[in-house]
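A.B. asks: A single structure is presented below for examination.
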Amino acid sequence: MRSFPAPLRLRLDSDALVSNWQWLARQSGAAACGAAIKADGYGLGAREVMRRLIAAGCRDFFVSNWHEAEQLETLLETGTCLSVLHGVREEDMPHARISRAMPVLCSPGQIERWKAAGGGECHVMVDTGMNRLGIDWRDDVAALVEGLPIDTLFSHLASADEDTPLNALQRERFLAIKARVAARRYSLANSAGICLGRDYAFDLTRPGIALYGGIVHDLAARHIRQVVFPEAQVLQRRRVIAGDTIGYNATFRAPADMDIAILNLGYADGYLRSFSGCGAVFVEGERLPLVGRISMDLLAVDVTGKPGIGEGQWLGIDYALSRAAAASGLSQYELLTGLGNRFDRIWV
């Protein structure tokens with residue numbers, strides 16, 4: 001913790017996070033609903049996210065690598081599972097063999113490495129159309145995993161947020177593998193996959209972006225709540241005369257005399273230059289536009305006609321994920337995971 005507050009912060013809504021998980025769990029039907037907390041909980045802080053979701057009833061958590069897992073193992077309780085989606089490299093084996101987390105084995109080489117070290121309970125990932133990590137669905141998966149006690153057999157949908165025949169094709173391929181490979185559970189659906197219906201849920205769903213306020217399907221738009229609310233402090237209020245320009249490269253010229261507020265926020269914090277000319281802040285429900293180009297640490301907001309806004313005041317950034325993604329051209333994933341460590345993260 002810092003000894004004094006930073007001039008920018010993320011207000012993080014605990015109730016919204018839990019509400020989002022509960023809705024996704026209901027949509028999952030009889031399947032267990034887990035939570036992807038990789039990339040430090042999509043930028044919110046994985047430990048704090050995990051604590052809150054365990055208290056809400058979540059029992060399955062997913063991270064990318066063993067470094068992430070090591071930071072979270074102390075939070076595991078009886079009946080909870082932490083899974084490492086990228087499997088095990090040779091360098092990971094000493095820790096993986098003693099860890100409370102469980103690997104998701106992703107290749108024939110990883111399976112052989114795990115078997116050679118004594119085997120033991122694990123997960124396995126099968127690639128059914130993403131062509132990323134996983135054993136190819138055309139391989140003899142049953143022969144490769146013979147002798148392994150598999151807790152969960154995974155696959156991952158490539159385009160669940162789109163209406164495409166690939167979704168049904170991946171499900172059919174996964175069903176065919178399920179018929180040949182014994183596991184305690186089977187898991188296919190991510191956030192968007194949950195919205196495709198319970199035929200995609202199997203035994204365990206793995207939401208990620210929707211937990212944190214991402215809208216990945218029209219069905220979710222009425223239920224998923226915003227979790228992350230960036231706020232930045234005003235450093236200076238200043239008067240700009242008609243004809244003056246604002247910011248680097250003079251991309252904005254004042255059409256009339258105006259007042260601007262300079263905020264302590266920029267692309268070094270993950271608020272990228274693509275928000276120049278389209279980003280905004282909210283003041284008492286009113287949307288005030290950014291003016292000029294966003295720089296590394298600073299941006300300018302038009303506060304003309306708002307005499308109460310001055311140095312030290314906190315302004316909320318317009319950061320509803322679907323709207324911010326449409327305005328900036330960034331994905332909802334980039335918007336969250338790019339938020340830097342100069343923010344104080346404050347759960348409310």
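We name chains A, B, ... following the order of the structure tokens; residues begin at 1 in each chain, and ligands are numbered from 1 as shown.
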Determine, counting only C-alpha atoms, which protein, DNA and RNA residues have an atom within 6 Å of an atom of stretch 148-164 of chain A; residues of the same chain fewer than 6 positions away are not included. Present the result as a list in words.
C.D. replies: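 Counting only the stated atoms, we get Glu121, Cys122, His123, Val124, Met125, Val126, Asp127, Met130, Ala183, Arg184, Arg185, Tyr186, Ser187, Leu188, Ala192, Gly193 and Val216 of chain A.
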A.B. asks: If you keep N, CA, C and O atoms, can you produce a file of those selected residues as an mmCIF file, in the first residue's frame?
C.D. replies:
```cif
data_model
loop_
_atom_site.group_PDB
_atom_site.id
_atom_site.type_symbol
_atom_site.label_atom_id
_atom_site.label_comp_id
_atom_site.auth_asym_id
_atom_site.auth_seq_id
_atom_site.Cartn_x
_atom_site.Cartn_y
_atom_site.Cartn_z
ATOM 1 N N GLU A 121 -3.429 -36.417 -10.434
ATOM 2 C CA GLU A 121 -4.626 -35.747 -10.921
ATOM 3 C C GLU A 121 -4.269 -34.498 -11.717
ATOM 4 O O GLU A 121 -3.359 -33.746 -11.360
ATOM 5 N N CYS A 122 -5.005 -34.259 -12.793
ATOM 6 C CA CYS A 122 -4.724 -33.138 -13.688
ATOM 7 C C CYS A 122 -5.977 -32.832 -14.497
ATOM 8 O O CYS A 122 -6.968 -33.550 -14.452
ATOM 9 N N HIS A 123 -5.901 -31.744 -15.231
ATOM 10 C CA HIS A 123 -6.886 -31.434 -16.260
ATOM 11 C C HIS A 123 -6.207 -31.612 -17.622
ATOM 12 O O HIS A 123 -4.970 -31.626 -17.714
ATOM 13 N N VAL A 124 -7.002 -31.688 -18.665
ATOM 14 C CA VAL A 124 -6.472 -31.790 -20.026
ATOM 15 C C VAL A 124 -7.277 -30.863 -20.933
ATOM 16 O O VAL A 124 -8.509 -30.794 -20.830
ATOM 17 N N MET A 125 -6.574 -30.144 -21.813
ATOM 18 C CA MET A 125 -7.207 -29.254 -22.791
ATOM 19 C C MET A 125 -7.149 -29.903 -24.176
ATOM 20 O O MET A 125 -6.085 -30.350 -24.620
ATOM 21 N N VAL A 126 -8.299 -29.945 -24.848
ATOM 22 C CA VAL A 126 -8.380 -30.429 -26.217
ATOM 23 C C VAL A 126 -8.755 -29.269 -27.118
ATOM 24 O O VAL A 126 -9.693 -28.517 -26.821
ATOM 25 N N ASP A 127 -8.036 -29.090 -28.198
ATOM 26 C CA ASP A 127 -8.340 -28.019 -29.145
ATOM 27 C C ASP A 127 -9.367 -28.523 -30.159
ATOM 28 O O ASP A 127 -9.118 -29.500 -30.866
ATOM 29 N N MET A 130 -9.951 -23.717 -32.058
ATOM 30 C CA MET A 130 -9.274 -22.455 -31.775
ATOM 31 C C MET A 130 -7.881 -22.428 -32.404
ATOM 32 O O MET A 130 -7.385 -21.371 -32.803
ATOM 33 N N ALA A 183 -13.406 -38.541 -17.729
ATOM 34 C CA ALA A 183 -13.003 -37.465 -16.821
ATOM 35 C C ALA A 183 -14.127 -37.256 -15.816
ATOM 36 O O ALA A 183 -15.277 -37.637 -16.056
ATOM 37 N N ARG A 184 -13.783 -36.643 -14.708
ATOM 38 C CA ARG A 184 -14.812 -36.363 -13.705
ATOM 39 C C ARG A 184 -15.786 -35.317 -14.214
ATOM 40 O O ARG A 184 -16.983 -35.389 -13.970
ATOM 41 N N ARG A 185 -15.258 -34.325 -14.969
ATOM 42 C CA ARG A 185 -16.094 -33.253 -15.486
ATOM 43 C C ARG A 185 -15.636 -32.875 -16.891
ATOM 44 O O ARG A 185 -14.501 -33.166 -17.294
ATOM 45 N N TYR A 186 -16.522 -32.149 -17.591
ATOM 46 C CA TYR A 186 -16.228 -31.663 -18.934
ATOM 47 C C TYR A 186 -16.623 -30.188 -18.993
ATOM 48 O O TYR A 186 -17.646 -29.781 -18.421
ATOM 49 N N SER A 187 -15.787 -29.384 -19.692
ATOM 50 C CA SER A 187 -15.979 -27.936 -19.655
ATOM 51 C C SER A 187 -15.652 -27.315 -21.005
ATOM 52 O O SER A 187 -14.559 -27.537 -21.551
ATOM 53 N N LEU A 188 -16.596 -26.522 -21.533
ATOM 54 C CA LEU A 188 -16.420 -25.888 -22.835
ATOM 55 C C LEU A 188 -16.680 -24.384 -22.816
ATOM 56 O O LEU A 188 -15.991 -23.628 -23.494
ATOM 57 N N ALA A 192 -19.220 -15.896 -23.112
ATOM 58 C CA ALA A 192 -20.163 -15.874 -24.227
ATOM 59 C C ALA A 192 -20.770 -17.253 -24.453
ATOM 60 O O ALA A 192 -21.939 -17.374 -24.836
ATOM 61 N N GLY A 193 -19.996 -18.314 -24.213
ATOM 62 C CA GLY A 193 -20.504 -19.665 -24.379
ATOM 63 C C GLY A 193 -21.670 -19.959 -23.453
ATOM 64 O O GLY A 193 -22.602 -20.692 -23.807
ATOM 65 N N VAL A 216 -20.776 -9.546 -23.695
ATOM 66 C CA VAL A 216 -20.301 -10.387 -24.804
ATOM 67 C C VAL A 216 -21.451 -10.987 -25.607
ATOM 68 O O VAL A 216 -21.216 -11.678 -26.595
#
```
A.B. asks: For A:Gly338, work out the shell of residues within 9 Å, counting only C-alpha atoms and skipping chain neighbours fewer than 2 positions away, then give it as a list in words.
C.D. replies: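 After dropping sequence-adjacent residues, the list is Tyr42, Gly43, Asp269, Gly270, Tyr271, Tyr333, Glu334, Leu335, Leu336 and Gly340 of chain A.
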A.B. asks: I need the residue nearest A:Leu24 from this list: A:Ser64, A:Gln170, A:Thr245, A:Asn190. Use only C-alpha atoms for the distance.
C.D. replies: A:Asn190
A.B. asks: May I have the residues within 8 Å of A:Ser14 as a ChimeraX atom specification, using only C-alpha atoms and disregarding those fewer than 5 positions away in the same chain?
C.D. replies: /A:52,227,347-348
A.B. asks: Just the selected residues (C-alpha atoms), exported as a PDB file, in the first residue's frame, please.
C.D. replies:
```
ATOM      1  CA  ARG A  52     -15.157 -12.232  -2.884  1.00  0.00           C
ATOM      2  CA  VAL A 227     -17.673  -3.304 -11.967  1.00  0.00           C
ATOM      3  CA  TRP A 347     -13.311  -1.966  -3.354  1.00  0.00           C
ATOM      4  CA  VAL A 348     -16.678  -0.557  -2.349  1.00  0.00           C
TER       5      VAL A 348
END
```
A.B. asks: Please, what distance in Å, to one decimal, runs between atom CA of A:Thr80 and atom CA of A:Met102?
C.D. replies: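 We find that atom CA of A:Thr80 and atom CA of A:Met102 lie 11.1 Å from each other.
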A.B. asks: Can you list every residue in stretch 99-343 of chain A that DSSP puts in strand (DSSP E or B), as number ranges by chain?
C.D. replies: A: 102-105, 122-127, 135-136, 150-154, 185-187, 204-205, 228-240, 245-246, 252-253, 258-263, 280-283, 286-291, 299-302, 314-317
A.B. asks: Check the smallest atom-to-atom distance from each of A:Leu82, A:Met296, A:Met50, A:Val145 to A:Phe62 using only C-alpha atoms, then report the winner.
C.D. replies: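 The closest residue to A:Phe62 is A:Leu82.
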